[in-house]
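File shown here: protein24.cif, holding mmCIF, C-alpha atoms.
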```cif
data_run
#
loop_
_atom_site.label_atom_id
_atom_site.label_comp_id
_atom_site.auth_asym_id
_atom_site.auth_seq_id
_atom_site.Cartn_x
_atom_site.Cartn_y
_atom_site.Cartn_z
CA MET A 1 12.49 -35.07 -6.97
CA SER A 2 10.87 -34.53 -3.58
CA GLN A 3 7.18 -33.63 -3.48
CA VAL A 4 7.60 -31.43 -0.38
CA LEU A 5 8.45 -27.77 -0.83
CA PRO A 6 10.94 -27.35 2.07
CA GLU A 7 12.94 -30.28 0.69
CA VAL A 8 12.86 -28.86 -2.83
CA PHE A 9 14.22 -25.57 -1.48
CA ALA A 10 16.86 -27.35 0.63
CA ALA A 11 18.03 -29.17 -2.50
CA ALA A 12 18.41 -25.83 -4.28
CA VAL A 13 20.52 -24.49 -1.40
CA ARG A 14 22.75 -27.55 -1.55
CA ARG A 15 23.05 -27.24 -5.33
CA ASP A 16 24.10 -23.58 -5.41
CA GLY A 17 23.89 -21.94 -2.02
CA ALA A 18 26.14 -19.02 -2.90
CA GLY A 19 24.46 -18.14 -6.17
CA PRO A 20 21.89 -15.31 -6.32
CA LEU A 21 18.34 -16.54 -5.89
CA LEU A 22 16.48 -13.25 -5.50
CA THR A 23 17.55 -9.70 -6.31
CA TYR A 24 15.06 -7.09 -5.11
CA TYR A 25 14.65 -3.48 -6.27
CA ASP A 26 12.33 -0.72 -5.11
CA ASP A 27 12.63 2.20 -7.47
CA SER A 28 10.67 4.50 -5.16
CA THR A 29 13.36 4.24 -2.48
CA GLY A 30 16.44 3.20 -4.44
CA GLU A 31 16.73 -0.02 -2.43
CA ARG A 32 18.54 -3.00 -3.89
CA ILE A 33 19.21 -6.22 -2.03
CA GLU A 34 20.56 -9.51 -3.35
CA LEU A 35 19.87 -12.74 -1.51
CA SER A 36 21.72 -15.95 -2.24
CA ALA A 37 19.93 -19.23 -1.72
CA LEU A 38 21.85 -19.68 1.54
CA THR A 39 21.00 -16.20 2.82
CA THR A 40 17.37 -16.80 1.94
CA ALA A 41 17.52 -20.09 3.85
CA ASN A 42 18.83 -18.27 6.93
CA TRP A 43 15.94 -15.80 6.80
CA VAL A 44 13.50 -18.66 6.27
CA ALA A 45 14.83 -20.53 9.30
CA LYS A 46 14.67 -17.45 11.54
CA THR A 47 11.12 -16.73 10.41
CA ALA A 48 9.98 -20.35 10.81
CA ASN A 49 11.38 -20.38 14.35
CA LEU A 50 9.53 -17.12 15.04
CA LEU A 51 6.27 -18.56 13.72
CA VAL A 52 6.53 -21.71 15.83
CA ASP A 53 8.21 -20.48 19.01
CA GLU A 54 6.56 -17.07 19.40
CA TYR A 55 3.21 -17.50 17.66
CA ASP A 56 2.61 -21.25 18.16
CA LEU A 57 1.86 -21.88 14.49
CA GLU A 58 0.76 -25.47 13.97
CA ALA A 59 0.58 -27.71 10.93
CA ASP A 60 -3.19 -27.42 10.48
CA GLU A 61 -3.13 -23.62 10.52
CA THR A 62 -2.74 -21.01 7.80
CA VAL A 63 -0.77 -17.86 7.06
CA ALA A 64 -2.00 -14.95 4.95
CA ILE A 65 0.65 -12.80 3.25
CA GLY A 66 -0.53 -9.22 2.86
CA LEU A 67 2.66 -7.73 1.45
CA PRO A 68 3.37 -5.98 -1.84
CA PRO A 69 5.85 -7.69 -4.21
CA HIS A 70 8.81 -7.97 -1.83
CA TRP A 71 11.60 -10.37 -0.92
CA LEU A 72 10.07 -10.90 2.52
CA GLY A 73 7.01 -12.44 0.89
CA VAL A 74 9.24 -15.19 -0.48
CA VAL A 75 10.77 -15.71 2.96
CA TRP A 76 7.35 -15.95 4.61
CA ALA A 77 6.04 -18.43 2.05
CA LEU A 78 9.03 -20.74 2.51
CA ALA A 79 8.94 -20.34 6.30
CA THR A 80 5.24 -21.20 6.44
CA TRP A 81 5.85 -24.43 4.52
CA SER A 82 8.87 -25.23 6.67
CA ALA A 83 6.66 -25.02 9.76
CA GLY A 84 4.20 -27.44 8.14
CA ALA A 85 1.45 -24.84 7.74
CA ALA A 86 -0.24 -23.58 4.57
CA LEU A 87 -0.60 -20.26 2.80
CA THR A 88 -4.09 -18.92 2.23
CA SER A 89 -5.64 -16.29 0.00
CA GLN A 90 -8.29 -15.74 2.69
CA ALA A 91 -7.97 -14.65 6.32
CA GLY A 92 -5.21 -16.71 7.93
CA THR A 93 -4.64 -17.89 11.45
CA LEU A 94 -1.61 -15.59 11.26
CA ALA A 95 -1.04 -12.73 8.85
CA ILE A 96 1.97 -10.70 7.80
CA THR A 97 1.21 -7.18 6.64
CA GLY A 98 3.21 -4.20 5.48
CA PRO A 99 3.17 -0.70 7.00
CA ASP A 100 -0.32 -0.13 5.55
CA PHE A 101 -1.69 -2.75 7.99
CA SER A 102 -3.99 -4.03 5.24
CA ALA A 103 -4.09 -7.63 6.52
CA SER A 104 -4.89 -9.10 9.90
CA GLY A 105 -4.75 -12.63 11.27
CA GLU A 106 -7.45 -14.45 13.14
CA ARG A 107 -5.07 -15.02 16.06
CA GLU A 108 -1.91 -12.98 15.43
CA THR A 109 -0.97 -10.11 13.13
CA ILE A 110 2.68 -9.41 12.36
CA ALA A 111 3.81 -6.33 10.47
CA SER A 112 6.96 -5.42 8.58
CA ALA A 113 8.08 -1.87 8.00
CA LEU A 114 9.58 -3.10 4.69
CA LEU A 115 12.79 -1.27 5.50
CA PRO A 116 16.16 -2.52 4.21
CA LEU A 117 17.33 -5.74 5.87
CA GLY A 118 13.93 -6.26 7.46
CA GLY A 119 14.38 -3.30 9.83
CA ARG A 120 11.95 -2.56 12.66
CA PHE A 121 9.30 0.16 12.74
CA ARG A 122 10.40 3.59 13.91
CA GLU A 123 6.98 4.43 15.37
CA PRO A 124 4.78 2.50 17.82
CA LEU A 125 2.50 -0.09 16.23
CA PRO A 126 -1.25 -0.44 16.73
CA ALA A 127 -2.27 -2.51 19.73
CA GLY A 128 -2.02 -6.24 19.11
CA VAL A 129 0.30 -5.96 16.09
CA HIS A 130 3.79 -7.48 16.38
CA ASP A 131 6.90 -5.96 14.80
CA TYR A 132 8.59 -8.57 12.62
CA GLY A 133 11.82 -6.58 12.37
CA ALA A 134 12.08 -6.27 16.15
CA GLU A 135 11.54 -10.00 16.78
CA VAL A 136 12.99 -12.05 13.95
CA TYR A 137 16.68 -11.42 14.70
CA ASN A 138 16.33 -13.10 18.10
CA HIS A 139 15.78 -16.50 16.49
CA PRO A 140 18.35 -19.03 15.24
CA ASP A 141 19.10 -19.53 11.56
CA VAL A 142 18.62 -23.30 11.79
CA PHE A 143 15.08 -24.69 11.93
CA VAL A 144 14.04 -28.23 12.85
CA PRO A 145 10.31 -28.80 12.27
CA PHE A 146 8.14 -30.50 14.86
CA ASP A 147 5.56 -31.49 12.27
CA ALA A 148 7.06 -31.50 8.78
CA PRO A 149 4.64 -31.48 5.82
CA SER A 150 4.03 -34.38 3.48
CA ALA A 151 3.30 -34.38 -0.25
CA ASP A 152 -0.45 -34.25 0.38
CA SER A 153 -0.30 -31.53 3.05
CA PRO A 154 -2.06 -28.26 2.13
CA ALA A 155 0.34 -25.67 0.73
CA TYR A 156 -1.87 -22.92 -0.74
CA ASP A 157 -5.64 -22.97 -0.28
CA GLU A 158 -6.77 -26.35 -1.66
CA LEU A 159 -3.46 -27.06 -3.41
CA THR A 160 -1.06 -29.53 -1.82
CA HIS A 161 2.73 -29.52 -1.90
CA ALA A 162 2.62 -32.11 -4.68
CA ASP A 163 0.15 -29.96 -6.63
CA LEU A 164 2.33 -26.85 -6.52
CA ILE A 165 5.48 -28.75 -7.41
CA GLY A 166 3.80 -30.75 -10.14
CA THR A 167 2.35 -27.70 -11.91
CA ALA A 168 5.50 -25.54 -11.77
CA GLU A 169 7.57 -25.53 -14.96
CA PRO A 170 11.31 -25.56 -14.17
CA ILE A 171 12.92 -22.16 -14.89
CA ALA A 172 16.67 -22.07 -15.45
CA ASP A 173 16.74 -18.45 -16.66
CA ARG A 174 17.40 -15.26 -14.75
CA ILE A 175 14.04 -13.54 -14.99
CA LEU A 176 12.82 -10.04 -14.18
CA THR A 177 9.30 -9.56 -12.87
CA THR A 178 7.08 -7.16 -10.96
CA ARG A 179 4.68 -9.93 -9.91
CA ASP A 180 3.73 -10.77 -6.36
CA LEU A 181 5.47 -14.12 -5.92
CA THR A 182 3.09 -15.23 -3.16
CA THR A 183 -0.10 -15.43 -5.24
CA ARG A 184 -1.16 -18.66 -6.91
CA ASP A 185 0.42 -17.63 -10.23
CA GLY A 186 3.42 -16.04 -8.56
CA LEU A 187 4.19 -19.19 -6.61
CA LYS A 188 4.43 -21.14 -9.87
CA VAL A 189 7.22 -18.78 -10.92
CA LEU A 190 8.99 -18.95 -7.56
CA ILE A 191 8.81 -22.73 -7.35
CA GLY A 192 9.80 -23.06 -11.01
CA VAL A 193 12.94 -21.06 -10.36
CA ILE A 194 13.79 -23.08 -7.24
CA ILE A 195 13.33 -26.34 -9.13
CA GLY A 196 15.08 -25.23 -12.31
CA GLY A 197 18.05 -23.44 -10.78
CA GLY A 198 17.15 -20.01 -12.12
CA SER A 199 17.00 -16.68 -10.30
CA ILE A 200 14.65 -13.73 -9.99
CA VAL A 201 15.05 -9.97 -10.24
CA LEU A 202 11.94 -8.71 -8.43
CA CYS A 203 11.09 -5.05 -9.05
CA ARG A 204 8.66 -3.03 -6.98
CA ASN A 205 7.56 0.40 -8.26
CA LEU A 206 9.53 -0.26 -11.44
CA ASP A 207 10.59 2.86 -13.31
CA PRO A 208 10.02 1.95 -16.98
CA ALA A 209 12.90 4.22 -17.98
CA LYS A 210 15.27 1.96 -16.03
CA LEU A 211 14.10 -1.34 -17.47
CA ASP A 212 16.54 -1.76 -20.36
CA ARG A 213 19.53 -0.80 -18.24
CA ARG A 214 18.46 -3.13 -15.45
CA VAL A 215 18.04 -6.03 -17.83
CA ALA A 216 21.59 -5.44 -19.04
CA ASP A 217 23.13 -4.81 -15.63
CA GLU A 218 21.49 -7.85 -14.01
CA LYS A 219 22.11 -10.10 -17.04
CA VAL A 220 18.40 -10.90 -17.29
CA ASP A 221 17.47 -13.60 -19.78
CA ARG A 222 13.82 -12.65 -20.05
CA VAL A 223 11.19 -10.34 -18.61
CA LEU A 224 7.91 -11.82 -17.39
CA GLU A 225 5.01 -9.65 -18.46
CA ASP A 226 2.20 -9.10 -15.97
#
```

Spit out the file's structure as structure tokens when you get a sec.
Amino acid sequence: MSQVLPEVFAAAVRRDGAGPLLTYYDDSTGERIELSALTTANWVAKTANLLVDEYDLEADETVAIGLPPHWLGVVWALATWSAGAALTSQAGTLAITGPDFSASGERETIASALLPLGGRFREPLPAGVHDYGAEVYNHPDVFVPFDAPSADSPAYDELTHADLIGTAEPIADRILTTRDLTTRDGLKVLIGVIIGGGSIVLCRNLDPAKLDRRVADEKVDRVLED
């Protein structure tokens, strides 16, 4: 198995591109979106192109993800690695934030309104903040890296690609979770699913009264406790 995360994800797309990789719910809005591995790959490519072409992200730089548990966090993590850069739990060279603007990058700050299908903000943004939803659709859904990562490239803080892959237990199940999949522990789950061929039902603002029905409707094998 490859020791580079973009290649591990590409292998998962080749293995079962049409199968569901990530199903996202927000019980405060009623939103549900299902992303296949191939659809996720398209979003990842568009976002990686945005990071490189618009924001000049380079391989020795970092990206901070300041989003709640959300499918776009997964896209940004995979896009960052595709561009050869690393995620950070600290202040990043670039940062993606939600509509609360709780994160800012050292050089660029990008915000998502967290609307369905990555929609743009309906109100003007603060000065110096870019609208992800207004910019991402302009970029192609094929990405060719200028500086691809290697196994010993940083992937998350001090952890390399090989470290993250080597510590992730393969997950073949369909799991339900409310965890942020872009934290150190959350990435182990995400990478484990990608390696093992499983899938994730990610729930934000989960209504406990809906849990049993959702487990049945989504054919969940197990629920990951926080």

Apply the PyMOL selection byres ((chain A and resi 30-42) around 10) to the file shown and report the selected residues as a PyMOL selection string.
-> chain A and resi 6+9-10+12-29+43-48+71-72+74-75+78-79+115-117+140-143+194+199-204

For Ser102 (chain A): contacts at 9 Å, all atoms listed in the file, fewer than 3 positions along chain excluded, given as JSON, numbers by chain = {"A": [66, 67, 97, 98, 99]}

Please dump the current selection as an mmCIF file, in the coordinates of the input; keep C-alpha atoms.
```
data_model
loop_
_atom_site.group_PDB
_atom_site.id
_atom_site.type_symbol
_atom_site.label_atom_id
_atom_site.label_comp_id
_atom_site.auth_asym_id
_atom_site.auth_seq_id
_atom_site.Cartn_x
_atom_site.Cartn_y
_atom_site.Cartn_z
ATOM 1 C CA GLY A 66 -0.530 -9.220 2.860
ATOM 2 C CA LEU A 67 2.660 -7.730 1.450
ATOM 3 C CA THR A 97 1.210 -7.180 6.640
ATOM 4 C CA GLY A 98 3.210 -4.200 5.480
ATOM 5 C CA PRO A 99 3.170 -0.700 7.000
#
```

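Selection check: the PyMOL selection byres ((chain A and resi 196) around 12) on the shown file gives Met1, Val8, Phe9, Ala11, Ala12, Arg15, Asp16, Leu21, Ile165, Ala168, Glu169, Pro170, Ile171, Ala172, Asp173, Arg174, Lys188, Val189, Leu190, Ile191, Gly192, Val193, Ile194, Ile195, Gly197, Gly198, Ser199 and Ile200 of chain A.
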
CA of Leu176 (chain A) to CA of Ser2 (chain A), straight-line distance in Å =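 Between CA of Ser2 (chain A) and CA of Leu176 (chain A) the gap is 26.8 Å.
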
Given the file above and the PyMOL selection byres ((chain A and resi 131-135) around 6), which residues are selected, and can you give them as a list in words?
->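 Taken over the shown coordinates, the PyMOL selection byres ((chain A and resi 131-135) around 6) returns Ile110, Ala111, Ser112, Gly118, Gly119, Arg120, His130, Val136, Tyr137 and Asn138 of chain A.
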
Excluding Val52 (chain A) and any residue of its chain fewer than 5 positions from it, enumerate the residues within 12 Å of it, using all atoms listed in the file, and give them as a PyMOL selection string.
-> chain A and resi 45-47+57-59+61+79-85+94+136+139+143-147

Quick one: pull the distance between CA of Thr182 (chain A) and CA of Ala77 (chain A), Å, one decimal.
->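 We find that CA of Thr182 (chain A) and CA of Ala77 (chain A) lie 6.8 Å from each other.
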
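Straight-line separation from CA of Pro68 (chain A) to CA of Lys219 (chain A): 24.5 Å.
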
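Counting all atoms listed in the file, the residue from A:Val4, A:Ala216, A:Leu206, A:Ala95 that sits nearest to Thr177 (chain A) is A:Leu206.
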
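Near Thr88 (chain A), within a cut-off of 10 Å and counting all atoms listed in the file, sit the residues Glu61, Thr62, Val63, Ala64, Ile65, Ala85, Ala91, Gly92, Thr93, Leu94, Ala95, Pro154, Ala155, Tyr156, Asp157, Glu158, Leu159, Thr182, Thr183 and Arg184 of chain A, with same-chain residues fewer than 3 positions away left out.
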
Counting all atoms listed in the file, what is within 12 Å of Asp212 (chain A), bar same-chain residues fewer than 5 positions away, as a PyMOL selection string?
-> chain A and resi 176+206-207+217-223
